[in-house]
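Undergrad: My structure is in work.pdb, and what it holds is PDB, C-alpha atoms and all ligand atoms:
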ATOM      1  CA  MET A   1     -24.929 -13.138 -30.351
ATOM      2  CA  HIS A   2     -26.082  -9.568 -30.481
ATOM      3  CA  GLY A   3     -24.567  -6.130 -30.863
ATOM      4  CA  HIS A   4     -22.357  -6.546 -33.892
ATOM      5  CA  ALA A   5     -20.065  -3.682 -34.792
ATOM      6  CA  ALA A   6     -19.631  -2.181 -38.212
ATOM      7  CA  ALA A   7     -19.922  -4.543 -41.164
ATOM      8  CA  GLY A   8     -17.004  -6.952 -41.275
ATOM      9  CA  SER A   9     -16.107  -6.348 -37.653
ATOM     10  CA  TRP A  10     -16.634  -9.128 -35.106
ATOM     11  CA  LEU A  11     -17.103  -7.221 -31.829
ATOM     12  CA  ARG A  12     -17.755  -3.591 -31.040
ATOM     13  CA  PRO A  13     -14.551  -1.908 -29.808
ATOM     14  CA  ALA A  14     -14.383  -1.543 -26.021
ATOM     15  CA  ALA A  15     -14.780   1.903 -24.492
ATOM     16  CA  SER A  16     -11.481   3.630 -23.701
ATOM     17  CA  ALA A  17     -10.485   3.911 -20.055
ATOM     18  CA  HIS A  18      -7.711   4.991 -17.745
ATOM     19  CA  HIS A  19      -5.951   2.732 -15.285
ATOM     20  CA  GLU A  20      -3.411   3.711 -12.670
ATOM     21  CA  ALA A  21      -0.413   1.430 -12.240
ATOM     22  CA  ALA A  22       2.986   2.152 -10.716
ATOM     23  CA  GLY A  23       1.989   5.772 -10.213
ATOM     24  CA  GLN A  24       1.293   6.275 -13.918
ATOM     25  CA  LEU A  25      -2.010   6.822 -15.638
ATOM     26  CA  LEU A  26      -2.282   4.305 -18.451
ATOM     27  CA  HIS A  27      -4.656   4.698 -21.365
ATOM     28  CA  ILE A  28      -6.520   1.516 -22.254
ATOM     29  CA  ARG A  29      -8.151   1.420 -25.669
ATOM     30  CA  SER A  30      -9.120  -0.964 -28.427
ATOM     31  CA  ALA A  31      -6.436  -1.561 -31.028
ATOM     32  CA  THR A  32      -6.998  -0.809 -34.694
ATOM     33  CA  THR A  33      -5.283  -2.101 -37.826
ATOM     34  CA  SER A  34      -3.010   0.982 -37.612
ATOM     35  CA  ASP A  35      -1.413  -0.279 -34.396
ATOM     36  CA  THR A  36       1.213  -2.557 -35.964
ATOM     37  CA  THR A  37       4.178  -0.498 -34.692
ATOM     38  CA  PRO A  38       3.138  -0.336 -31.012
ATOM     39  CA  VAL A  39       2.350  -4.050 -31.007
ATOM     40  CA  GLU A  40       5.694  -4.925 -32.635
ATOM     41  CA  GLU A  41       7.560  -2.685 -30.203
ATOM     42  CA  LEU A  42       5.822  -4.251 -27.205
ATOM     43  CA  HIS A  43       6.815  -7.732 -28.393
ATOM     44  CA  ALA A  44      10.397  -6.570 -29.007
ATOM     45  CA  ARG A  45      10.650  -5.380 -25.383
ATOM     46  CA  CYS A  46       9.235  -8.610 -23.891
ATOM     47  CA  SER A  47      11.547 -11.376 -22.690
ATOM     48  CA  PRO A  48      11.614 -14.727 -24.518
ATOM     49  CA  ARG A  49      10.048 -16.228 -21.380
ATOM     50  CA  SER A  50       7.036 -13.892 -21.467
ATOM     51  CA  LEU A  51       6.592 -14.476 -25.204
ATOM     52  CA  TYR A  52       6.765 -18.235 -24.636
ATOM     53  CA  GLN A  53       4.119 -17.986 -21.915
ATOM     54  CA  ARG A  54       1.900 -15.953 -24.218
ATOM     55  CA  TYR A  55       2.241 -18.058 -27.385
ATOM     56  CA  LEU A  56       3.164 -21.441 -25.852
ATOM     57  CA  ALA A  57       5.992 -21.683 -28.368
ATOM     58  CA  PRO A  58       9.367 -20.019 -28.775
ATOM     59  CA  ILE A  59       8.856 -17.002 -30.997
ATOM     60  CA  PRO A  60      12.074 -15.130 -31.763
ATOM     61  CA  ARG A  61      10.107 -12.486 -33.606
ATOM     62  CA  LEU A  62       6.451 -11.642 -34.077
ATOM     63  CA  SER A  63       5.523 -12.928 -37.530
ATOM     64  CA  ALA A  64       3.662 -10.720 -39.983
ATOM     65  CA  ARG A  65       0.870 -13.279 -39.951
ATOM     66  CA  THR A  66       0.447 -13.234 -36.157
ATOM     67  CA  LEU A  67       0.626  -9.443 -36.132
ATOM     68  CA  GLN A  68      -2.088  -9.267 -38.757
ATOM     69  CA  GLN A  69      -4.251 -11.717 -36.798
ATOM     70  CA  LEU A  70      -3.841  -9.746 -33.554
ATOM     71  CA  LEU A  71      -5.236  -6.647 -35.239
ATOM     72  CA  ASP A  72      -7.826  -8.164 -37.578
ATOM     73  CA  PRO A  73     -11.232  -6.780 -36.536
ATOM     74  CA  CYS A  74     -13.009  -9.600 -38.367
ATOM     75  CA  SER A  75     -11.723 -12.192 -35.928
ATOM     76  CA  THR A  76     -10.133 -10.462 -32.932
ATOM     77  CA  SER A  77     -10.622  -7.684 -30.451
ATOM     78  CA  THR A  78      -7.432  -6.410 -28.832
ATOM     79  CA  LEU A  79      -6.944  -3.953 -25.998
ATOM     80  CA  LEU A  80      -3.743  -1.924 -25.650
ATOM     81  CA  ALA A  81      -2.485  -0.237 -22.471
ATOM     82  CA  GLN A  82      -0.277   2.781 -23.166
ATOM     83  CA  ASN A  83       1.801   4.790 -20.716
ATOM     84  CA  PRO A  84       1.915   8.608 -20.732
ATOM     85  CA  GLN A  85       4.945   8.468 -23.060
ATOM     86  CA  GLY A  86       2.818   6.576 -25.593
ATOM     87  CA  ASP A  87       4.568   3.210 -25.195
ATOM     88  CA  THR A  88       2.310   0.180 -25.312
ATOM     89  CA  VAL A  89       3.127  -1.759 -22.143
ATOM     90  CA  ALA A  90       0.481  -4.484 -22.327
ATOM     91  CA  MET A  91      -2.132  -5.964 -24.608
ATOM     92  CA  ALA A  92      -4.955  -8.444 -24.278
ATOM     93  CA  THR A  93      -6.786 -10.206 -27.071
ATOM     94  CA  LEU A  94     -10.017 -12.007 -27.682
ATOM     95  CA  ALA A  95      -9.716 -14.210 -30.763
ATOM     96  CA  ARG A  96     -12.859 -15.691 -32.219
ATOM     97  CA  SER A  97     -12.922 -19.457 -31.951
ATOM     98  CA  THR A  98     -15.384 -21.993 -33.312
ATOM     99  CA  GLY A  99     -18.514 -20.130 -34.226
ATOM    100  CA  ASP A 100     -19.179 -16.498 -33.590
ATOM    101  CA  ASP A 101     -19.826 -16.552 -29.874
ATOM    102  CA  GLU A 102     -16.781 -18.156 -28.270
ATOM    103  CA  ALA A 103     -13.290 -16.749 -28.068
ATOM    104  CA  HIS A 104      -9.752 -17.421 -26.913
ATOM    105  CA  LEU A 105      -8.364 -14.935 -24.446
ATOM    106  CA  ALA A 106      -4.677 -14.140 -24.071
ATOM    107  CA  VAL A 107      -2.687 -11.397 -22.390
ATOM    108  CA  LEU A 108       0.849 -10.032 -22.724
ATOM    109  CA  VAL A 109       2.268  -7.593 -20.197
ATOM    110  CA  GLU A 110       5.776  -6.187 -20.715
ATOM    111  CA  ASP A 111       8.116  -7.739 -18.147
ATOM    112  CA  THR A 112       8.846  -4.535 -16.224
ATOM    113  CA  TRP A 113       5.091  -3.898 -15.937
ATOM    114  CA  GLN A 114       4.129  -7.295 -14.587
ATOM    115  CA  HIS A 115       2.722  -7.671 -11.042
ATOM    116  CA  ARG A 116       1.196  -4.199 -11.089
ATOM    117  CA  GLY A 117      -2.386  -5.218 -11.693
ATOM    118  CA  LEU A 118      -2.425  -4.738 -15.478
ATOM    119  CA  GLY A 119      -3.115  -8.359 -16.399
ATOM    120  CA  THR A 120      -6.002  -8.374 -13.942
ATOM    121  CA  ALA A 121      -7.401  -5.105 -15.293
ATOM    122  CA  LEU A 122      -7.146  -6.073 -18.963
ATOM    123  CA  THR A 123      -8.614  -9.536 -18.416
ATOM    124  CA  GLY A 124     -11.512  -8.035 -16.467
ATOM    125  CA  ARG A 125     -12.190  -5.624 -19.324
ATOM    126  CA  LEU A 126     -12.140  -8.357 -21.951
ATOM    127  CA  VAL A 127     -14.454 -10.543 -19.887
ATOM    128  CA  HIS A 128     -16.835  -7.611 -19.507
ATOM    129  CA  GLN A 129     -16.666  -6.835 -23.232
ATOM    130  CA  ALA A 130     -17.322 -10.482 -24.099
ATOM    131  CA  ARG A 131     -20.221 -10.762 -21.673
ATOM    132  CA  THR A 132     -21.944  -7.548 -22.694
ATOM    133  CA  GLN A 133     -21.602  -8.405 -26.389
ATOM    134  CA  GLY A 134     -23.238 -11.776 -26.011
ATOM    135  CA  LEU A 135     -20.344 -14.231 -26.175
ATOM    136  CA  ARG A 136     -21.110 -17.544 -24.501
ATOM    137  CA  ALA A 137     -17.665 -18.718 -23.401
ATOM    138  CA  LEU A 138     -14.006 -17.795 -23.278
ATOM    139  CA  HIS A 139     -11.136 -20.262 -23.472
ATOM    140  CA  ALA A 140      -7.514 -19.896 -22.471
ATOM    141  CA  ASP A 141      -4.465 -22.131 -22.689
ATOM    142  CA  VAL A 142      -1.956 -21.416 -19.949
ATOM    143  CA  LEU A 143       1.335 -23.072 -19.003
ATOM    144  CA  ALA A 144       0.673 -25.111 -15.900
ATOM    145  CA  GLY A 145       3.317 -23.163 -13.955
ATOM    146  CA  ASN A 146       1.913 -19.749 -14.894
ATOM    147  CA  ARG A 147       0.367 -19.025 -11.500
ATOM    148  CA  PRO A 148      -0.461 -15.353 -12.103
ATOM    149  CA  MET A 149      -2.514 -16.062 -15.241
ATOM    150  CA  LEU A 150      -4.200 -19.100 -13.710
ATOM    151  CA  ASN A 151      -5.132 -16.989 -10.675
ATOM    152  CA  ILE A 152      -6.496 -14.167 -12.822
ATOM    153  CA  LEU A 153      -8.642 -16.536 -14.880
ATOM    154  CA  ARG A 154      -9.930 -18.439 -11.853
ATOM    155  CA  ALA A 155     -10.813 -15.163 -10.139
ATOM    156  CA  ASN A 156     -13.027 -14.429 -13.164
ATOM    157  CA  GLY A 157     -14.737 -17.802 -12.829
ATOM    158  CA  ALA A 158     -12.774 -19.879 -15.333
ATOM    159  CA  VAL A 159     -12.533 -23.597 -14.715
ATOM    160  CA  ALA A 160      -9.606 -25.792 -15.744
ATOM    161  CA  HIS A 161     -10.690 -28.857 -17.699
ATOM    162  CA  THR A 162      -7.621 -30.285 -19.417
ATOM    163  CA  ILE A 163      -3.962 -30.460 -18.566
ATOM    164  CA  GLU A 164      -1.877 -31.736 -21.460
ATOM    165  CA  TYR A 165       1.821 -31.393 -22.204
ATOM    166  CA  GLY A 166       2.209 -28.920 -19.353
ATOM    167  CA  THR A 167      -0.595 -26.673 -20.588
ATOM    168  CA  THR A 168      -3.777 -26.059 -18.650
ATOM    169  CA  SER A 169      -6.873 -25.318 -20.722
ATOM    170  CA  LEU A 170      -9.571 -23.307 -19.009
ATOM    171  CA  THR A 171     -13.080 -22.257 -19.943
ATOM    172  CA  LEU A 172     -15.053 -19.350 -18.614
ATOM    173  CA  ARG A 173     -18.790 -19.682 -19.241
ATOM    174  CA  LEU A 174     -20.465 -16.323 -19.664
ATOM    175  CA  THR A 175     -24.070 -17.417 -19.870
ATOM    176  CA  PRO A 176     -25.963 -18.965 -16.967
TER     177      PRO A 176
HETATM  178  C1  LIG B   1       0.451 -13.519 -16.830
HETATM  179  C2  LIG B   1       0.349 -12.023 -16.969
HETATM  180  C3  LIG B   1      -0.609 -11.654 -18.088
HETATM  181  C4  LIG B   1      -0.190 -11.452 -15.669
HETATM  182  O1  LIG B   1      -0.254 -10.052 -15.785
HETATM  183  P1  LIG B   1       0.213  -9.120 -14.576
HETATM  184  O2  LIG B   1      -0.057  -7.724 -14.966
HETATM  185  O3  LIG B   1       1.605  -9.465 -14.199
HETATM  186  O4  LIG B   1      -0.817  -9.618 -13.475
HETATM  187  P2  LIG B   1      -1.340  -8.833 -12.184
HETATM  188  O5  LIG B   1      -0.342  -7.840 -11.738
HETATM  189  O6  LIG B   1      -2.691  -8.345 -12.464
HETATM  190  O7  LIG B   1      -1.436 -10.050 -11.180
HETATM  191  C5  LIG B   1      -0.264 -10.825 -10.915
HETATM  192  C6  LIG B   1       0.007 -10.837  -9.423
HETATM  193  O8  LIG B   1       0.446  -9.546  -9.008
HETATM  194  C7  LIG B   1      -0.371  -9.143  -7.906
HETATM  195  N1  LIG B   1      -0.505  -7.692  -7.984
HETATM  196  C8  LIG B   1      -1.468  -6.993  -8.611
HETATM  197  N2  LIG B   1      -1.251  -5.673  -8.459
HETATM  198  C9  LIG B   1      -0.125  -5.541  -7.729
HETATM  199  C10 LIG B   1       0.604  -4.451  -7.258
HETATM  200  N3  LIG B   1       0.221  -3.198  -7.498
HETATM  201  N4  LIG B   1       1.729  -4.707  -6.551
HETATM  202  C11 LIG B   1       2.123  -5.957  -6.317
HETATM  203  N5  LIG B   1       1.464  -7.063  -6.748
HETATM  204  C12 LIG B   1       0.353  -6.846  -7.446
HETATM  205  C13 LIG B   1      -1.667  -9.838  -8.100
HETATM  206  O9  LIG B   1      -2.379  -9.960  -6.889
HETATM  207  C14 LIG B   1      -1.226 -11.171  -8.608
HETATM  208  O10 LIG B   1      -0.808 -11.977  -7.537
HETATM  209  P3  LIG B   1      -1.108 -13.550  -7.534
HETATM  210  O11 LIG B   1      -0.467 -14.130  -8.778
HETATM  211  O12 LIG B   1      -0.480 -14.020  -6.273
HETATM  212  O13 LIG B   1      -2.589 -13.683  -7.567
HETATM  213  C15 LIG B   1       1.735 -11.367 -17.240
HETATM  214  O14 LIG B   1       2.623 -11.764 -16.238
HETATM  215  C16 LIG B   1       2.289 -11.737 -18.591
HETATM  216  O15 LIG B   1       2.040 -11.063 -19.582
HETATM  217  N6  LIG B   1       3.074 -12.831 -18.634
HETATM  218  C17 LIG B   1       3.649 -13.292 -19.884
HETATM  219  C18 LIG B   1       2.589 -13.750 -20.881
HETATM  220  C19 LIG B   1       1.564 -14.689 -20.275
HETATM  221  O16 LIG B   1       1.873 -15.485 -19.416
HETATM  222  N7  LIG B   1       0.324 -14.594 -20.778
HETATM  223  C20 LIG B   1      -0.745 -15.444 -20.348
HETATM  224  C21 LIG B   1      -1.132 -16.410 -21.441
HETATM  225  S1  LIG B   1      -2.864 -16.412 -21.667
END
What's the structure tokens form of this structure?
Ligand SMILES: CC(C)(COP(=O)(O)OP(=O)(O)OC[C@H]1O[C@@H](n2cnc3c(N)ncnc32)[C@H](O)[C@@H]1OP(=O)(O)O)[C@@H](O)C(=O)NCCC(=O)NCCS

TA:
Amino acid sequence: MHGHAAAGSWLRPAASAHHEAAGQLLHIRSATTSDTTPVEELHARCSPRSLYQRYLAPIPRLSARTLQQLLDPCSTSTLLAQNPQGDTVAMATLARSTGDDEAHLAVLVEDTWQHRGLGTALTGRLVHQARTQGLRALHADVLAGNRPMLNILRANGAVAHTIEYGTTSLTLRLTP
């Protein structure tokens, strides 16, 4: 892999961007360790169903450990999408998996913001970030009935390889 960020950091943060959805201009930027409150608030506004789809387990509350992992620059790179009021309405995370150059990808869009193109936009940005920073593959575990996420991943070239206990595992190869 090439293009490491500052010492101790796994990937370089992604460039900030704007994205229009539902007539609002959202600000997309890389999260930092200071973003605990927006991430907690986003999770608090999401339905149990969305949280289950994201974590593949019932999570009544975001644990301190998961929160810390989501924002740890040594092992993750997270994008946040914020509306003009400053609320974080979606996030998407690359989490380093075995070795330095493969990652797990996962997305969480607040329920009222789903089906407005945000999941597609954030996934596309993470795939671009991963590719330009030399990662070799991305993996995702998705509930078999989660059509929107399966469609988004397939549109980016991911291929399903395992279906176990109702979960589809996909891999997106980034190198030829
Ligand atoms: C799955 C998830 C990330 C998808 O994000 P999203 O923002 O709803 O996805 P998009 O809006 O980009 O795409 C979803 C659908 O809406 C459609 N869409 C996109 N923009 C749209 C718009 N402006 N108006 C109407 N539909 C739109 C897309 O074409 C897509 O349709 P398809 O499923 O038939 O292909 C989101 O629903 C979510 O967070 N769910 C809960 C957590 C989860 O499942 N995470 C995935 C685990 S890795």

Undergrad: List the residues sitting within 10 Å of (-8.4, -7.2, -19.5) in the file's frame, using only C-alpha atoms, as a VMD selection string.

TA: chain A and resid 28 78 to 81 90 to 94 105 to 107 118 to 129 152

Undergrad: How would you report the residues lying within 8 Å of ligand LIG 1 (chain B), as a PDB file with C-alpha atoms, in the coordinates of the input, if you count only C-alpha atoms and all ligand atoms?

TA:
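Result written to result_31.pdb:
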ATOM      1  CA  ALA A  21      -0.413   1.430 -12.240  1.00  0.00           C
ATOM      2  CA  ALA A  22       2.986   2.152 -10.716  1.00  0.00           C
ATOM      3  CA  ARG A  49      10.048 -16.228 -21.380  1.00  0.00           C
ATOM      4  CA  SER A  50       7.036 -13.892 -21.467  1.00  0.00           C
ATOM      5  CA  LEU A  51       6.592 -14.476 -25.204  1.00  0.00           C
ATOM      6  CA  TYR A  52       6.765 -18.235 -24.636  1.00  0.00           C
ATOM      7  CA  GLN A  53       4.119 -17.986 -21.915  1.00  0.00           C
ATOM      8  CA  ARG A  54       1.900 -15.953 -24.218  1.00  0.00           C
ATOM      9  CA  TYR A  55       2.241 -18.058 -27.385  1.00  0.00           C
ATOM     10  CA  LEU A  56       3.164 -21.441 -25.852  1.00  0.00           C
ATOM     11  CA  ALA A  90       0.481  -4.484 -22.327  1.00  0.00           C
ATOM     12  CA  LEU A 105      -8.364 -14.935 -24.446  1.00  0.00           C
ATOM     13  CA  ALA A 106      -4.677 -14.140 -24.071  1.00  0.00           C
ATOM     14  CA  VAL A 107      -2.687 -11.397 -22.390  1.00  0.00           C
ATOM     15  CA  LEU A 108       0.849 -10.032 -22.724  1.00  0.00           C
ATOM     16  CA  VAL A 109       2.268  -7.593 -20.197  1.00  0.00           C
ATOM     17  CA  GLU A 110       5.776  -6.187 -20.715  1.00  0.00           C
ATOM     18  CA  ASP A 111       8.116  -7.739 -18.147  1.00  0.00           C
ATOM     19  CA  TRP A 113       5.091  -3.898 -15.937  1.00  0.00           C
ATOM     20  CA  GLN A 114       4.129  -7.295 -14.587  1.00  0.00           C
ATOM     21  CA  HIS A 115       2.722  -7.671 -11.042  1.00  0.00           C
ATOM     22  CA  ARG A 116       1.196  -4.199 -11.089  1.00  0.00           C
ATOM     23  CA  GLY A 117      -2.386  -5.218 -11.693  1.00  0.00           C
ATOM     24  CA  LEU A 118      -2.425  -4.738 -15.478  1.00  0.00           C
ATOM     25  CA  GLY A 119      -3.115  -8.359 -16.399  1.00  0.00           C
ATOM     26  CA  THR A 120      -6.002  -8.374 -13.942  1.00  0.00           C
ATOM     27  CA  ALA A 121      -7.401  -5.105 -15.293  1.00  0.00           C
ATOM     28  CA  ALA A 140      -7.514 -19.896 -22.471  1.00  0.00           C
ATOM     29  CA  ASP A 141      -4.465 -22.131 -22.689  1.00  0.00           C
ATOM     30  CA  VAL A 142      -1.956 -21.416 -19.949  1.00  0.00           C
ATOM     31  CA  LEU A 143       1.335 -23.072 -19.003  1.00  0.00           C
ATOM     32  CA  ASN A 146       1.913 -19.749 -14.894  1.00  0.00           C
ATOM     33  CA  ARG A 147       0.367 -19.025 -11.500  1.00  0.00           C
ATOM     34  CA  PRO A 148      -0.461 -15.353 -12.103  1.00  0.00           C
ATOM     35  CA  MET A 149      -2.514 -16.062 -15.241  1.00  0.00           C
ATOM     36  CA  LEU A 150      -4.200 -19.100 -13.710  1.00  0.00           C
ATOM     37  CA  ASN A 151      -5.132 -16.989 -10.675  1.00  0.00           C
ATOM     38  CA  ILE A 152      -6.496 -14.167 -12.822  1.00  0.00           C
TER      39      ILE A 152
END

Undergrad: Please write as a PyMOL selection string the full residue list that the PyMOL selection byres (((chain A and resi 98-103) around 9) and not hetatm) yields on this file.

TA: chain A and resi 1+10+75-76+94-97+104-105+130+134-140

Undergrad: Closest to Gly157 in chain A among A:Arg65, A:Arg29, A:His43, A:Arg173, using all atoms listed in the file?

TA: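 Nearest to Gly157 in chain A: A:Arg173.
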
Undergrad: So that all listed atoms of range 21-35 of chain A fit with 4 Å spare on each side, what axis-aligned box centre and edge lengths in Å, to one decimal, would you give as JSON?

TA:
{"center_x": -3.1, "center_y": 2.4, "center_z": -24.0, "size_x": 20.1, "size_y": 16.9, "size_z": 35.6}

Undergrad: Just the residues within 12 Å of Ser63 in chain A, please, counting all atoms listed in the file, with nothing from its chain fewer than 4 positions along; format it as a list of chain:residue names.

TA: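 Residues meeting the cut-off are A:Thr36, A:Val39, A:Glu40, A:His43, A:Ala44, A:Tyr55, A:Pro58, A:Ile59, A:Leu67, A:Gln68, A:Gln69, A:Leu70.
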
Undergrad: What does the distance from CA of Thr33 in chain A to CA of Gln82 in chain A come to in Å, to one decimal?

TA: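 CA of Gln82 in chain A lies at a distance of 16.2 Å from CA of Thr33 in chain A.
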
Undergrad: Between CA of Thr88 in chain A and CA of Pro73 in chain A, measure the distance and give it in Å to one decimal.

TA: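 CA of Pro73 in chain A lies at a distance of 18.9 Å from CA of Thr88 in chain A.
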
Undergrad: Of the candidates A:Gln85, A:Ser169, A:Thr175, A:Gln133, which one gets nearest to Pro13 in chain A if we count only C-alpha atoms?

TA: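 For Pro13 in chain A, the nearest of the candidates is A:Gln133.
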
Undergrad: May I ask for the distance between CA of Tyr165 in chain A and CA of Leu153 in chain A, given in Å to one decimal place?

TA: 19.6 Å

Undergrad: Env of Ala158 in chain A: 7 Å cut, atoms = all atoms listed in the file, seq-sep filter 4 positions within chain, self excluded. Answer as a short mmCIF file (atom, residue, chain, number, x, y, z; two decimals) with C-alpha atoms, in the coordinates of the input.

TA:
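Wrote out39.cif, looks like this:
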data_model
loop_
_atom_site.label_atom_id
_atom_site.label_comp_id
_atom_site.auth_asym_id
_atom_site.auth_seq_id
_atom_site.Cartn_x
_atom_site.Cartn_y
_atom_site.Cartn_z
CA LEU A 153 -8.64 -16.54 -14.88
CA ARG A 154 -9.93 -18.44 -11.85
CA LEU A 170 -9.57 -23.31 -19.01
CA THR A 171 -13.08 -22.26 -19.94
CA LEU A 172 -15.05 -19.35 -18.61
#

Undergrad: Could you name the residues that touch Asn83 in chain A at 9 Å or less, counting all atoms listed in the file, but leaving out those on the same chain fewer than 4 positions away, as an MDAnalysis selection string?

TA: chainID A and resid 24:27 87:89

Undergrad: Which of these, A:Cys46, A:Ala144, A:Leu71, A:Ala160, has the shortest distance to Ala31 in chain A once you count only C-alpha atoms?

TA: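 The answer is A:Leu71, which sits nearest to Ala31 in chain A.
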